[in-house]
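Working notes, structure below.
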Amino acid sequence: MPAMPPPIAGERAGLKEYLAAQQHAFHAIAYGLTDEQARSAPSVSALSIGGLIKHATTCQRGWMRRVSAAPAMAEEDARPMAEQQADYADEFVMRDDETLADILAAFDAQNAETIRLVETADLAAAVPIPQDVPWLPKDVSAWSVRWVFFHLIEELARHAGHGHIIRESIDGATLYELLAGLEGWPKTEWLTPWIRAQP
């Protein structure tokens, strides 16, 4: 996966390629980290690389559950609220019993399902908006599947940006360096000081 999506011929291809690029960014920010580093929260934020990847996995899963159910309402979680809240808190933390390899494997499995749905779902289908969730709009009854995929690109990009800051706080690595290592690009030691000097 290159650093930028390839030229696209249509809407569905564009959604797929931009989603895949944002998914791939999480592999870049995790590249070369130990479990301990992935678990650490070195910035003023409480977030870690591992926790961000777990959240990106769960975020995709939730939205794809709604896409899969469209145009019907997705089945709501019937578990007690305390159990749901505990799971939500856990998705932002890489626990001591978790490994980065396992977290990335779960992320990749969800990535594949997200890409499958962007390739096959009816982009115009209505995705009903639950009206009992305080942070969701009350003046709109449904999004489209198309809207959901655009929103998911936004969500992944935002959290990948969080991850870049956290990664730089861990070891100073910047995105180009990480992508170069991940993709096997030629060594460019001359470029590193220039990259790090950019605002």
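Naming works like this for the structure tokens: A, B, ... for the chains as they're shown, residue 1 at the start of each chain, ligands 1 onward in shown order.
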
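The environment of range 12-14 of chain A within 8 Å, counting only C-alpha atoms and disregarding residues fewer than 4 places along the same chain, consists of A:Ile8, A:Tyr18, A:Val118, A:Glu119.
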
Could you pull out the alpha helix (DSSP H) residues of range 15-126 of chain A, going by DSSP on the backbone, and write them as a PyMOL selection string? chain A and resi 15-30+35-39+49-69+81-90+100-120

Exercise: Gly163 in chain A partners within 7 Å, only C-alpha atoms, chain neighbours under 4 positions left out, as a ChimeraX atom specification: /A:29,49,52,159,167

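Of the residues in range 78-173 of chain A, those given strand (DSSP E) by DSSP on the backbone are Ala126, Val127, Pro128, Ala142, Trp143 and Ser144 of chain A.
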
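Of the residues listed (A:Phe26, A:Trp63, A:Tyr31, A:Tyr176), A:Trp63 shows the shortest atom-to-atom separation from Leu152 in chain A; distances use only C-alpha atoms.
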
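Going from CA of Asp77 in chain A to CA of His151 in chain A covers 21.7 Å.
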
Between A:Val44, A:Phe107, A:Thr99, A:Ala126, which residue has the minimum interatomic distance to Ala69 in chain A, considering only C-alpha atoms? A:Ala126
